[in-house]
file my_file-v8.cif (mmCIF, C-alpha atoms)
data_upload
loop_
_atom_site.label_atom_id
_atom_site.label_comp_id
_atom_site.auth_asym_id
_atom_site.auth_seq_id
_atom_site.Cartn_x
_atom_site.Cartn_y
_atom_site.Cartn_z
CA MET A 619 11.29 -12.05 -7.07
CA LYS A 620 13.28 -13.75 -4.52
CA SER A 621 16.96 -13.80 -3.61
CA LYS A 622 18.60 -10.49 -4.30
CA ARG A 623 21.59 -10.95 -2.03
CA LYS A 624 24.18 -12.22 -4.52
CA ILE A 625 25.67 -10.40 -7.45
CA LEU A 626 24.31 -12.83 -10.01
CA SER A 627 20.76 -12.98 -8.72
CA LEU A 628 20.07 -9.48 -7.44
CA ALA A 629 18.67 -8.11 -10.68
CA VAL A 630 15.14 -9.47 -11.06
CA LEU A 631 12.35 -10.22 -8.62
CA LEU A 632 9.32 -10.36 -10.88
CA SER A 633 7.71 -13.75 -10.45
CA VAL A 634 4.25 -14.24 -8.91
CA THR A 635 3.71 -16.93 -6.28
CA LEU A 636 0.23 -18.41 -6.17
CA PHE A 637 -1.27 -20.48 -3.39
CA GLY A 638 -4.42 -22.47 -2.81
CA CYS A 639 -7.20 -23.60 -5.08
CA SER A 640 -10.51 -23.42 -3.22
CA GLU A 641 -12.73 -21.00 -1.33
CA THR A 642 -11.43 -20.55 2.20
CA THR A 643 -12.04 -18.60 5.34
CA VAL A 644 -9.47 -17.49 7.88
CA LYS A 645 -10.64 -18.00 11.46
CA ASN A 646 -8.98 -16.97 14.69
CA SER A 647 -6.10 -19.38 14.28
CA GLU A 648 -3.31 -20.00 11.79
CA SER A 649 -5.36 -22.62 9.96
CA VAL A 650 -7.47 -22.07 6.85
CA GLU A 651 -10.97 -23.55 6.73
CA SER A 652 -13.80 -23.84 4.22
CA VAL A 653 -16.24 -21.02 3.56
CA LYS A 654 -19.91 -21.97 3.54
CA SER A 655 -21.92 -20.98 0.47
CA ASP A 656 -25.63 -20.81 -0.14
CA GLU A 657 -27.40 -22.91 -2.77
CA ASN A 658 -26.83 -20.21 -5.42
CA ASN A 659 -23.07 -20.29 -4.78
CA GLN A 660 -23.23 -16.89 -3.14
CA ASP A 661 -20.84 -16.34 -0.26
CA ILE A 662 -22.72 -16.00 3.04
CA SER A 663 -21.51 -12.58 4.23
CA GLU A 664 -24.27 -11.13 6.40
CA SER A 665 -22.86 -12.01 9.80
CA SER A 666 -20.89 -14.78 11.41
CA GLU A 667 -21.80 -16.88 14.44
CA ASN A 668 -20.05 -14.36 16.70
CA ASN A 669 -22.19 -11.55 15.21
CA LYS A 670 -19.35 -10.05 13.22
CA ILE A 671 -20.08 -8.63 9.78
CA GLN A 672 -18.32 -10.84 7.25
CA ILE A 673 -16.27 -9.33 4.45
CA THR A 674 -15.09 -11.47 1.55
CA ILE A 675 -11.67 -11.00 -0.04
CA GLY A 676 -11.12 -12.47 -3.51
CA SER A 677 -7.67 -13.06 -4.98
CA ILE A 678 -5.58 -15.53 -6.94
CA GLU A 679 -2.75 -15.19 -4.42
CA PHE A 680 -3.24 -15.94 -0.72
CA ASN A 681 0.30 -16.33 0.56
CA GLY A 682 1.63 -16.49 4.08
CA ASP A 683 2.00 -12.82 4.93
CA LEU A 684 -1.47 -11.95 3.64
CA ILE A 685 -2.94 -14.82 5.66
CA ASN A 686 -1.11 -13.44 8.70
CA ILE A 687 -2.65 -9.99 8.20
CA ILE A 688 -6.13 -11.50 7.85
CA ASN A 689 -5.73 -13.70 10.92
CA SER A 690 -4.45 -10.78 12.96
CA PHE A 691 -7.31 -8.55 11.80
CA ASN A 692 -9.91 -11.18 12.69
CA LYS A 693 -8.45 -11.59 16.17
CA SER A 694 -8.25 -7.88 16.92
CA ASN A 695 -11.45 -6.53 15.34
CA SER A 696 -14.70 -7.00 17.24
CA GLN A 697 -17.01 -5.84 14.43
CA TYR A 698 -15.75 -7.41 11.21
CA GLU A 699 -14.48 -10.79 10.09
CA ILE A 700 -12.61 -11.54 6.87
CA ILE A 701 -13.39 -14.61 4.79
CA THR A 702 -11.59 -15.39 1.56
CA LYS A 703 -12.48 -16.58 -1.91
CA ASP A 704 -9.53 -18.12 -3.71
CA TYR A 705 -9.59 -17.82 -7.51
CA HIS A 706 -6.37 -19.72 -8.04
CA ASP A 707 -6.57 -22.60 -10.48
CA GLY A 708 -3.37 -24.48 -11.20
CA ASP A 709 -4.57 -25.44 -14.67
CA SER A 710 -5.34 -21.86 -15.76
CA THR A 711 -3.30 -18.84 -16.77
CA VAL A 712 -3.24 -15.71 -14.63
CA THR A 713 -5.38 -13.98 -17.26
CA ASP A 714 -7.98 -16.77 -17.12
CA MET A 715 -8.10 -16.56 -13.33
CA GLN A 716 -8.56 -12.79 -13.49
CA ASN A 717 -11.33 -13.28 -16.05
CA ASN A 718 -13.10 -15.53 -13.56
CA ILE A 719 -13.08 -12.63 -11.10
CA LYS A 720 -14.51 -10.35 -13.79
CA ILE A 721 -17.29 -12.87 -14.50
CA ASP A 722 -18.25 -12.80 -10.82
CA LEU A 723 -18.19 -9.00 -10.88
CA VAL A 724 -20.65 -8.97 -13.79
CA SER A 725 -22.90 -11.66 -12.33
CA GLY A 726 -23.15 -10.08 -8.88
CA LYS A 727 -21.13 -12.77 -7.11
CA ALA A 728 -18.08 -10.61 -6.56
CA PRO A 729 -16.24 -10.52 -3.23
CA ASP A 730 -16.27 -7.27 -1.25
CA ILE A 731 -12.52 -6.76 -1.72
CA ILE A 732 -10.32 -7.71 -4.68
CA ILE A 733 -6.56 -8.09 -4.28
CA CYS A 734 -4.55 -8.27 -7.50
CA ASP A 735 -1.03 -7.46 -8.76
CA ASP A 736 -1.83 -6.73 -12.40
CA SER A 737 -2.40 -3.03 -13.11
CA SER A 738 -4.21 -3.81 -16.37
CA PHE A 739 -6.90 -5.64 -14.37
CA TYR A 740 -7.88 -2.35 -12.74
CA TYR A 741 -7.59 -0.17 -15.82
CA THR A 742 -9.97 -2.35 -17.82
CA LEU A 743 -12.58 -1.97 -15.08
CA SER A 744 -11.92 1.62 -14.01
CA SER A 745 -14.58 3.13 -16.29
CA LYS A 746 -17.28 0.61 -15.38
CA ASP A 747 -18.13 1.81 -11.86
CA VAL A 748 -17.00 -1.51 -10.36
CA PHE A 749 -14.59 -0.23 -7.72
CA MET A 750 -15.20 2.24 -4.96
CA ASP A 751 -13.35 5.57 -5.12
CA ILE A 752 -11.40 5.58 -1.86
CA SER A 753 -9.80 9.02 -2.23
CA ASP A 754 -12.22 10.60 0.27
CA TYR A 755 -11.67 7.77 2.77
CA ILE A 756 -7.92 8.30 2.52
CA SER A 757 -8.16 12.03 3.26
CA GLU A 758 -10.92 11.76 5.90
CA ASN A 759 -8.90 9.16 7.83
CA ASN A 760 -5.65 11.14 7.52
CA MET A 761 -3.88 8.26 5.79
CA GLU A 762 -0.52 9.66 4.73
CA ILE A 763 0.37 7.72 1.59
CA LEU A 764 3.61 8.37 -0.30
CA PRO A 765 2.98 10.89 -3.09
CA ASN A 766 4.35 8.65 -5.85
CA ILE A 767 1.95 5.88 -4.82
CA ILE A 768 -0.95 8.33 -4.94
CA ASP A 769 0.21 9.42 -8.42
CA VAL A 770 0.35 5.83 -9.69
CA CYS A 771 -3.04 4.87 -8.23
CA THR A 772 -4.93 8.00 -9.29
CA GLU A 773 -6.89 7.51 -12.51
CA ASN A 774 -7.33 10.17 -15.18
CA ASN A 775 -10.74 11.04 -13.66
CA GLY A 776 -9.06 11.82 -10.31
CA ASN A 777 -10.43 8.74 -8.52
CA ILE A 778 -8.38 6.21 -6.57
CA TYR A 779 -9.64 2.64 -6.88
CA ARG A 780 -6.74 0.73 -5.30
CA LEU A 781 -3.88 0.91 -2.85
CA PRO A 782 -1.04 -1.62 -2.78
CA LEU A 783 0.33 -3.40 0.27
CA GLY A 784 3.86 -2.45 -0.77
CA PHE A 785 6.07 -1.58 -3.72
CA ASN A 786 9.55 -1.83 -5.12
CA VAL A 787 11.55 0.14 -7.66
CA LEU A 788 13.21 -1.30 -10.78
CA CYS A 789 16.26 0.59 -12.01
CA GLY A 790 19.72 0.36 -13.49
CA ILE A 791 22.89 1.31 -11.61
CA CYS A 792 26.42 1.90 -12.90
CA LYS A 793 29.63 3.66 -11.95
CA GLU A 794 29.38 7.41 -12.35
CA GLU A 795 32.10 7.50 -15.00
CA TYR A 796 29.96 5.24 -17.23
CA GLY A 797 26.79 7.30 -17.04
CA THR A 798 27.70 10.85 -16.17
CA ASP A 799 24.58 12.33 -17.76
CA HIS A 800 22.38 9.43 -16.62
CA THR A 801 20.94 8.94 -20.12
CA GLU A 802 23.25 6.02 -20.80
CA ILE A 803 21.23 3.85 -18.45
CA TYR A 804 17.77 4.56 -19.79
CA ASN A 805 18.01 5.91 -23.36
CA TYR A 806 17.87 2.87 -25.64
CA LYS A 807 19.87 4.47 -28.46
CA LYS A 808 22.68 5.47 -26.10
CA MET A 809 22.61 2.11 -24.35
CA GLN A 810 23.05 0.44 -27.71
CA ASN A 811 26.05 2.67 -28.42
CA VAL A 812 27.56 1.79 -25.03
CA PHE A 813 26.89 -1.89 -25.66
CA GLU A 814 28.59 -1.85 -29.08
CA ASN A 815 31.68 -0.05 -27.79
CA LEU A 816 32.47 -2.04 -24.66
CA ASP A 817 36.08 -3.08 -24.23
CA ASN A 818 36.74 -6.75 -24.90
CA ASP A 819 37.26 -7.49 -21.21
CA VAL A 820 34.07 -5.68 -20.08
CA VAL A 821 30.59 -7.22 -19.97
CA PHE A 822 27.39 -5.21 -20.27
CA SER A 823 25.80 -6.92 -17.25
CA THR A 824 26.67 -9.88 -15.07
CA ASP A 825 23.30 -11.48 -15.78
CA MET A 826 22.29 -11.19 -19.43
CA LYS A 827 19.06 -13.12 -18.89
CA ALA A 828 18.06 -10.50 -16.34
CA ALA A 829 19.15 -7.72 -18.70
CA VAL A 830 17.02 -9.13 -21.53
CA TYR A 831 14.00 -9.70 -19.29
CA ARG A 832 14.20 -6.29 -17.64
CA THR A 833 14.69 -4.54 -20.98
CA LYS A 834 11.63 -6.30 -22.40
CA GLU A 835 9.54 -5.25 -19.40
CA SER A 836 10.80 -1.69 -19.67
CA ILE A 837 10.13 -1.43 -23.41
CA ILE A 838 6.56 -2.69 -23.09
CA THR A 839 5.85 -0.28 -20.24
CA ASP A 840 7.48 2.71 -21.95
CA PHE A 841 5.27 2.51 -25.03
CA ILE A 842 1.90 2.00 -23.34
CA ASP A 843 -0.25 4.40 -21.35
CA LEU A 844 -2.83 2.14 -19.71
CA LYS A 845 -4.65 5.02 -18.04
CA SER A 846 -5.52 6.51 -21.43
CA PHE A 847 -5.55 3.17 -23.30
CA LYS A 848 -2.98 4.36 -25.84
CA SER A 849 0.07 2.62 -27.31
CA SER A 850 3.01 4.08 -29.27
CA PHE A 851 4.93 1.09 -30.56
CA ASP A 852 4.89 2.68 -34.03
CA SER A 853 7.34 5.39 -32.92
CA PRO A 854 11.02 5.78 -33.94
CA GLU A 855 11.95 5.45 -30.26
CA PHE A 856 10.45 1.96 -30.18
CA ALA A 857 12.50 0.96 -33.22
CA ASP A 858 15.64 2.07 -31.35
CA ALA A 859 14.57 0.09 -28.28
CA LEU A 860 13.88 -3.02 -30.36
CA GLU A 861 17.29 -2.89 -32.04
CA PHE A 862 18.96 -2.67 -28.63
CA TYR A 863 16.79 -5.52 -27.33
CA LYS A 864 17.84 -7.70 -30.26
CA GLN A 865 21.52 -7.18 -29.52
CA LEU A 866 21.01 -8.05 -25.86
CA GLN A 867 19.08 -11.20 -26.69
CA ASN A 868 21.79 -12.45 -29.04
CA THR A 869 24.61 -11.95 -26.54
CA ASP A 870 26.01 -14.32 -23.96
CA TYR A 871 29.13 -14.10 -21.87
CA ASP A 872 31.56 -16.67 -20.60
CA PHE A 873 33.09 -15.09 -17.52
CA THR A 874 33.50 -15.52 -13.80
CA ALA A 875 31.92 -12.82 -11.65
CA ASP A 876 33.57 -11.78 -8.41
CA ASP A 877 33.03 -9.10 -5.79
CA THR A 878 35.13 -6.55 -7.71
CA ILE A 879 33.58 -6.81 -11.16
CA TYR A 880 31.52 -3.58 -10.86
CA VAL A 881 34.08 -1.69 -8.79
CA ASN A 882 36.82 -2.40 -11.32
CA GLY A 883 34.60 -1.49 -14.26
CA LYS A 884 34.48 -5.00 -15.72
CA ALA A 885 30.67 -4.95 -15.80
CA HIS A 886 28.74 -1.92 -17.00
CA ILE A 887 25.23 -2.00 -15.51
CA LEU A 888 23.54 -3.68 -12.58
CA TYR A 889 19.79 -4.24 -12.98
CA ALA A 890 18.45 -3.84 -9.46
CA THR A 891 15.17 -4.24 -7.64
CA LEU A 892 15.01 -1.99 -4.60
CA GLY A 893 12.53 -3.19 -2.01
CA ASN A 894 14.20 -2.59 1.34
CA THR A 895 17.21 -0.95 2.94
CA ARG A 896 19.27 -4.14 2.84
CA ASP A 897 19.13 -4.12 -0.97
CA ILE A 898 20.39 -0.55 -1.09
CA TYR A 899 23.15 -1.19 1.44
CA HIS A 900 24.29 -4.31 -0.40
CA ILE A 901 24.53 -2.53 -3.75
CA LYS A 902 26.33 0.51 -2.36
CA ASN A 903 28.71 -1.26 0.01
CA HIS A 904 29.19 -4.64 -1.67
CA ASN A 905 28.60 -4.41 -5.42
CA PHE A 906 30.13 -0.95 -5.84
CA LYS A 907 32.08 -0.64 -2.57
CA ASP A 908 31.43 3.08 -1.99
CA THR A 909 32.41 4.15 -5.49
CA ASP A 910 30.29 6.95 -6.94
CA ILE A 911 27.27 5.57 -8.77
CA VAL A 912 24.43 6.85 -10.91
CA MET A 913 20.96 5.35 -11.14
CA THR A 914 18.28 5.43 -13.78
CA PRO A 915 16.64 8.86 -13.42
CA PRO A 916 13.48 8.48 -11.32
CA GLU A 917 11.26 9.63 -14.18
CA ASN A 918 12.54 6.66 -16.22
CA ALA A 919 12.74 4.04 -13.47
CA LYS A 920 9.75 1.74 -12.93
CA ILE A 921 7.62 1.03 -9.89
CA SER A 922 6.10 -2.38 -9.22
CA LEU A 923 3.12 -2.55 -6.86
CA ASP A 924 2.57 -5.48 -4.51
CA ARG A 925 -1.01 -6.75 -4.30
CA SER A 926 -3.30 -3.79 -4.84
CA VAL A 927 -6.44 -3.74 -2.69
CA SER A 928 -9.77 -2.55 -4.14
CA ILE A 929 -13.24 -2.31 -2.58
CA ILE A 930 -16.26 -3.30 -4.66
CA ASN A 931 -18.77 -0.50 -5.21
CA SER A 932 -21.86 -2.71 -4.94
CA SER A 933 -21.15 -3.78 -1.36
CA SER A 934 -23.32 -2.40 1.45
CA GLU A 935 -22.14 0.67 3.36
CA ASP A 936 -21.36 -1.40 6.46
CA VAL A 937 -19.26 -3.80 4.42
CA LYS A 938 -17.50 -0.93 2.63
CA GLN A 939 -16.59 0.59 5.99
CA GLY A 940 -15.30 -2.76 7.20
CA ALA A 941 -13.33 -3.25 4.00
CA PHE A 942 -11.67 0.10 4.49
CA GLU A 943 -10.92 -0.77 8.11
CA PHE A 944 -9.11 -3.86 6.82
CA LEU A 945 -7.16 -1.80 4.28
CA LYS A 946 -6.04 0.63 6.99
CA TYR A 947 -5.07 -2.27 9.21
CA ALA A 948 -3.07 -4.00 6.46
CA LEU A 949 -1.12 -0.77 5.83
CA SER A 950 -0.46 -0.04 9.49
CA ASP A 951 3.06 0.28 10.90
CA GLU A 952 2.55 -3.00 12.75
CA PHE A 953 3.48 -4.96 9.64
CA VAL A 954 6.49 -2.93 8.49
CA ASN A 955 9.56 -5.17 7.90
CA THR A 956 7.71 -8.27 9.12
CA VAL A 957 4.95 -8.98 6.62
CA THR A 958 6.39 -7.68 3.35
CA PRO A 959 10.17 -7.55 3.90
CA ILE A 960 10.99 -7.34 0.17
CA TYR A 961 8.70 -4.35 -0.43
CA PHE A 962 8.75 -0.78 0.79
CA PRO A 963 5.64 0.30 2.77
CA VAL A 964 3.33 2.75 0.99
CA THR A 965 2.60 4.95 4.02
CA LYS A 966 4.93 7.80 4.95
CA SER A 967 5.36 6.54 8.50
CA GLY A 968 5.99 2.97 7.39
CA PHE A 969 8.50 4.12 4.79
CA GLU A 970 10.39 6.14 7.40
CA ILE A 971 10.44 3.14 9.76
CA SER A 972 11.85 0.94 7.00
CA LEU A 973 14.64 3.44 6.26
CA GLU A 974 15.60 3.57 9.95
CA SER A 975 15.57 -0.19 10.44
CA GLU A 976 18.63 -2.27 11.17
CA PHE A 977 19.24 -5.41 9.13
CA ASP A 978 21.60 -8.37 9.04
CA VAL A 979 24.55 -8.27 6.66
CA PHE A 980 26.15 -11.63 5.95
CA TYR A 981 29.83 -12.12 5.22
CA GLU A 982 30.37 -15.78 4.39
CA LYS A 983 29.15 -17.46 7.62
CA GLU A 984 29.39 -14.36 9.76
CA SER A 985 26.72 -11.67 10.11
CA GLU A 986 26.51 -8.26 11.65
CA LYS A 987 23.93 -5.52 12.10
CA ALA A 988 23.97 -2.54 9.75
CA LYS A 989 21.81 0.41 8.75
CA LEU A 990 21.87 3.17 6.18
CA SER A 991 23.80 6.36 6.87
CA GLU A 992 21.88 9.62 7.12
CA GLU A 993 23.15 10.61 3.68
CA GLU A 994 22.09 7.29 2.19
CA LYS A 995 18.63 7.54 3.76
CA THR A 996 18.09 11.04 2.38
CA THR A 997 19.35 10.15 -1.08
CA ILE A 998 17.34 6.96 -1.47
CA SER A 999 14.19 8.47 0.07
CA ASP A 1000 14.26 11.39 -2.36
CA TYR A 1001 14.91 9.06 -5.28
CA ILE A 1002 12.28 6.42 -4.54
CA GLN A 1003 9.50 8.92 -3.85
CA LYS A 1004 9.96 10.40 -7.33
CA VAL A 1005 9.46 7.11 -9.20
CA ASN A 1006 5.85 6.97 -10.40
CA HIS A 1007 5.91 5.05 -13.72
CA GLU A 1008 4.22 1.70 -13.07
CA THR A 1009 5.44 -1.37 -14.91
CA THR A 1010 2.76 -3.40 -16.68
CA TYR A 1011 2.21 -7.12 -16.26
CA ASP A 1012 -0.51 -7.49 -18.89
CA THR A 1013 0.10 -10.97 -20.28
CA THR A 1014 -1.86 -10.36 -23.49
CA ILE A 1015 0.32 -7.39 -24.41
CA LYS A 1016 3.45 -9.35 -23.54
CA ASP A 1017 2.28 -12.23 -25.73
CA ILE A 1018 1.69 -9.85 -28.64
CA PHE A 1019 5.17 -8.40 -28.19
CA THR A 1020 6.75 -11.86 -28.07
CA GLU A 1021 4.84 -13.18 -31.09
CA GLU A 1022 5.45 -10.21 -33.35
CA THR A 1023 9.09 -9.63 -32.46
CA LYS A 1024 10.01 -13.25 -33.13
CA ALA A 1025 10.12 -12.79 -36.92
CA TYR A 1026 12.30 -9.70 -36.47
CA LEU A 1027 14.60 -11.16 -33.83
CA ASP A 1028 15.11 -14.60 -35.37
CA ASN A 1029 14.72 -14.17 -39.11
CA ASN A 1030 14.83 -10.45 -39.92
CA LEU A 1031 11.56 -10.84 -41.82
CA TYR A 1032 10.52 -7.37 -40.65
CA SER A 1033 12.42 -4.19 -39.99
CA ALA A 1034 12.21 -2.76 -36.48
CA GLU A 1035 9.84 -0.08 -37.78
CA GLU A 1036 7.56 -2.62 -39.50
CA CYS A 1037 7.54 -4.77 -36.38
CA GLY A 1038 6.55 -1.75 -34.30
CA ASP A 1039 3.67 -0.92 -36.67
CA ILE A 1040 2.27 -4.46 -36.41
CA ILE A 1041 2.60 -4.56 -32.62
CA ASN A 1042 0.96 -1.17 -32.28
CA GLN A 1043 -2.03 -2.19 -34.40
CA ARG A 1044 -2.64 -5.33 -32.35
CA VAL A 1045 -2.04 -3.74 -28.95
CA GLN A 1046 -4.19 -0.70 -29.71
CA LEU A 1047 -7.02 -2.97 -30.89
CA TYR A 1048 -6.73 -4.93 -27.65
CA LEU A 1049 -6.70 -1.74 -25.56
CA ASP A 1050 -9.76 -0.40 -27.40
CA GLU A 1051 -11.60 -3.66 -26.66
CA GLN A 1052 -10.68 -3.47 -22.99
CA LYS A 1053 -11.75 0.17 -22.73
CA ASN A 1054 -15.19 -0.56 -24.16
#

call {"tool": "encode", "arguments": {"input": "my_file-v8.cif", "output": "structure tokens"}}
result
Amino acid sequence: MKSKRKILSLAVLLSVTLFGCSETTVKNSESVESVKSDENNQDISESSENNKIQITIGSIEFNGDLINIINSFNKSNSQYEIITKDYHDGDSTVTDMQNNIKIDLVSGKAPDIIICDDSSFYYTLSSKDVFMDISDYISENNMEILPNIIDVCTENNGNIYRLPLGFNVLCGICKEEYGTDHTEIYNYKKMQNVFENLDNDVVFSTDMKAAVYRTKESIITDFIDLKSFKSSFDSPEFADALEFYKQLQNTDYDFTADDTIYVNGKAHILYATLGNTRDIYHIKNHNFKDTDIVMTPPENAKISLDRSVSIINSSSEDVKQGAFEFLKYALSDEFVNTVTPIYFPVTKSGFEISLESEFDVFYEKESEKAKLSEEEKTTISDYIQKVNHETTYDTTIKDIFTEETKAYLDNNLYSAEECGDIINQRVQLYLDEQKN
């Protein structure tokens, strides 16, 4: 999910960076040291040498900004100390690493806090009384979380088992004249019609690989409801989406992109990831140069959560309180724009700070300070806070989609409808297994 500053690379920021491969503890320095374990391989988490209560965080991703939060917490908190348990294994898939966490949860060796990106990891465990419901903690401590984040993180039973460290929004953007009713940048049937009727000198997107990848992600998310463990790939709408996806996948362009390609209408849609004010400013003032634009309607855009934090239910009350203290600390305004600069904060105050922040705008080798106008801040704030449809990163479901669409995409062995029926049978079976 990295560089989004250039026209050809701004579209997709969806990769996961993984660090480390052993159990570690973060002491009061920038270094990372080994965690001691007892003879039964249980983390020692009663108290540390300085009489702090130790709290264990387990994750497959301990990167620099998370380490900075942990170090800062350990230095500033006199009662609790964070140690970490790293589940990353370079020889394993993300699913395998997550399964190792689940094994520890079942065997009683689980850390006190789990940090994970994959929403399906939480849904498969939400009915098993593994995670603590933190909804009361949030209200009792007057934590003002953005309403769309609360919507995404609230399960069907009304409980909240996780809060992310940040989020971004995935959407499509085009000139107003190309999407006056907005449906042309989210309705698959209409997008296919637009695609088939483009002028010869107009490309659908400047990055077709990004268009294909984003469309695949969107399709998978649109036809799954992980909270209710239901799939709908056997619907006519999925057949429309699959036909459009096939056309995208079989298309390539030979063209040279320049700064005017969207302004002059030579490219139809920009697939954007909005994670900070600089992204928004760049799109509005560079890609489209103040021309009127439309964006995917918020009810059809997708939200991607950054590293959701959950507290294990079986931990002692003291540890639970300490775990929540860490969560509050990690979401505090202190880390806005410094720890997660490519993600919006999830708190109302942090989000407002991010919208008000200045940022550097680079023109060739020169740079200058810029910020959003009041109108831009209002527009983007209203838009982003309405997006509450979380994209799924479930690798098993993605693998099923890839395997079963291959025969349709490459050889036309199935119709789009037949392909959807097969996918739906396999995905629904998988979801039923995860639910039980």

call {"tool": "resolve_selection", "arguments": {"input": "my_file-v8.cif", "expression": "the PyMOL selection byres ((chain A and resi 915) around 9)", "output": "PyMOL selection string"}}
result
chain A and resi 789+800-801+803-804+912-914+916-919+1001+1005

call {"tool": "closest_residue", "arguments": {"input": "my_file-v8.cif", "among": "A:Thr674, A:Ser967, A:Ser922, A:Asn786", "to": "Lys938 (chain A)", "atoms": "all atoms listed in the file"}}
result
A:Thr674

call {"tool": "residues_around", "arguments": {"input": "my_file-v8.cif", "residues": "region 766-780 of chain A", "least_positions_apart": "4", "cutoff": "7 Å", "atoms": "all atoms listed in the file", "output": "list in words"}}
result
Phe749, Met750, Asp751, Ile752, Ser753, Lys845, Ser926, Val927, Ser928, Val964, Gln1003, Lys1004, Val1005, Asn1006, His1007 and Glu1008 of chain A

call {"tool": "residues_near_point", "arguments": {"input": "my_file-v8.cif", "point": "(-13.7, -4.5, 8.9)", "cutoff": "9 Å", "atoms": "all atoms listed in the file", "output": "ChimeraX atom specification"}}
result
/A:671-673,691-692,695-700,936-945,947

call {"tool": "atom_distance", "arguments": {"input": "my_file-v8.cif", "atom1": "CA of Lys920 (chain A)", "atom2": "CA of Ile842 (chain A)"}}
result
13.0 Å

call {"tool": "closest_residue", "arguments": {"input": "my_file-v8.cif", "among": "A:Asp704, A:Asp877, A:Asp897, A:Glu993", "to": "Leu788 (chain A)", "atoms": "only C-alpha atoms"}}
result
A:Asp897

call {"tool": "atom_distance", "arguments": {"input": "my_file-v8.cif", "atom1": "CA of Gly682 (chain A)", "atom2": "CA of Ala728 (chain A)"}}
result
23.2 Å

call {"tool": "resolve_selection", "arguments": {"input": "my_file-v8.cif", "expression": "the PyMOL selection byres ((chain A and resi 963) around 7)", "output": "PyMOL selection string"}}
result
chain A and resi 783-785+954+961-962+964-965+968-969

call {"tool": "resolve_selection", "arguments": {"input": "my_file-v8.cif", "expression": "the PyMOL selection byres ((chain A and resi 729) around 7)", "output": "count of residues only"}}
result
8

call {"tool": "residues_around", "arguments": {"input": "my_file-v8.cif", "residues": "Ile1040 (chain A)", "least_positions_apart": "5", "cutoff": "9 Å", "atoms": "only C-alpha atoms", "output": "list in words"}}
result
Phe851, Asp852, Glu1022, Glu1035 and Val1045 of chain A

call {"tool": "atom_distance", "arguments": {"input": "my_file-v8.cif", "atom1": "CA of Asp924 (chain A)", "atom2": "CA of Ile701 (chain A)"}}
result
20.6 Å

call {"tool": "closest_residue", "arguments": {"input": "my_file-v8.cif", "among": "A:Leu973, A:Ser846, A:Ile733, A:Thr1020", "to": "Leu684 (chain A)", "atoms": "all atoms listed in the file"}}
result
A:Ile733

call {"tool": "closest_residue", "arguments": {"input": "my_file-v8.cif", "among": "A:Ile763, A:Ile1018, A:Ile879, A:Val787", "to": "Asn894 (chain A)", "atoms": "all atoms listed in the file"}}
result
A:Val787

call {"tool": "closest_residue", "arguments": {"input": "my_file-v8.cif", "among": "A:Tyr705, A:Tyr899, A:Phe862, A:Phe906", "to": "Val979 (chain A)", "atoms": "only C-alpha atoms"}}
result
A:Tyr899

call {"tool": "closest_residue", "arguments": {"input": "my_file-v8.cif", "among": "A:Glu986, A:Leu764, A:Asp908, A:Asn882", "to": "Leu949 (chain A)", "atoms": "all atoms listed in the file"}}
result
A:Leu764

call {"tool": "residues_around", "arguments": {"input": "my_file-v8.cif", "residues": "Ile898 (chain A)", "least_positions_apart": "6", "cutoff": "9 Å", "atoms": "all atoms listed in the file", "output": "list in words"}}
result
Leu892, Leu990, Glu994 and Ile998 of chain A

call {"tool": "residues_around", "arguments": {"input": "my_file-v8.cif", "residues": "Thr742 (chain A)", "least_positions_apart": "2", "cutoff": "6 Å", "atoms": "only C-alpha atoms", "output": "number ranges by chain"}}
result
A: 739-740, 744, 1052-1053

call {"tool": "build_atoms", "arguments": {"input": "my_file-v8.cif", "residues": "region 706-713 of chain A", "atoms": "N, CA and C atoms", "output": "short mmCIF file (atom, residue, chain, number, x, y, z; two decimals), in the coordinates of the input"}}
result
data_model
loop_
_atom_site.label_atom_id
_atom_site.label_comp_id
_atom_site.auth_asym_id
_atom_site.auth_seq_id
_atom_site.Cartn_x
_atom_site.Cartn_y
_atom_site.Cartn_z
N HIS A 706 -7.49 -19.03 -7.41
CA HIS A 706 -6.37 -19.72 -8.04
C HIS A 706 -6.79 -21.06 -8.60
N ASP A 707 -6.33 -21.33 -9.81
CA ASP A 707 -6.57 -22.60 -10.48
C ASP A 707 -5.27 -23.00 -11.15
N GLY A 708 -4.67 -24.07 -10.69
CA GLY A 708 -3.37 -24.48 -11.20
C GLY A 708 -3.34 -24.82 -12.67
N ASP A 709 -4.50 -25.08 -13.26
CA ASP A 709 -4.57 -25.44 -14.67
C ASP A 709 -4.86 -24.24 -15.57
N SER A 710 -4.97 -23.05 -14.99
CA SER A 710 -5.34 -21.86 -15.76
C SER A 710 -4.22 -20.83 -15.74
N THR A 711 -4.24 -19.95 -16.75
CA THR A 711 -3.30 -18.84 -16.77
C THR A 711 -3.77 -17.76 -15.81
N VAL A 712 -2.88 -16.82 -15.49
CA VAL A 712 -3.24 -15.71 -14.63
C VAL A 712 -4.39 -14.91 -15.26
N THR A 713 -4.32 -14.71 -16.57
CA THR A 713 -5.38 -13.98 -17.26
C THR A 713 -6.73 -14.68 -17.11
#
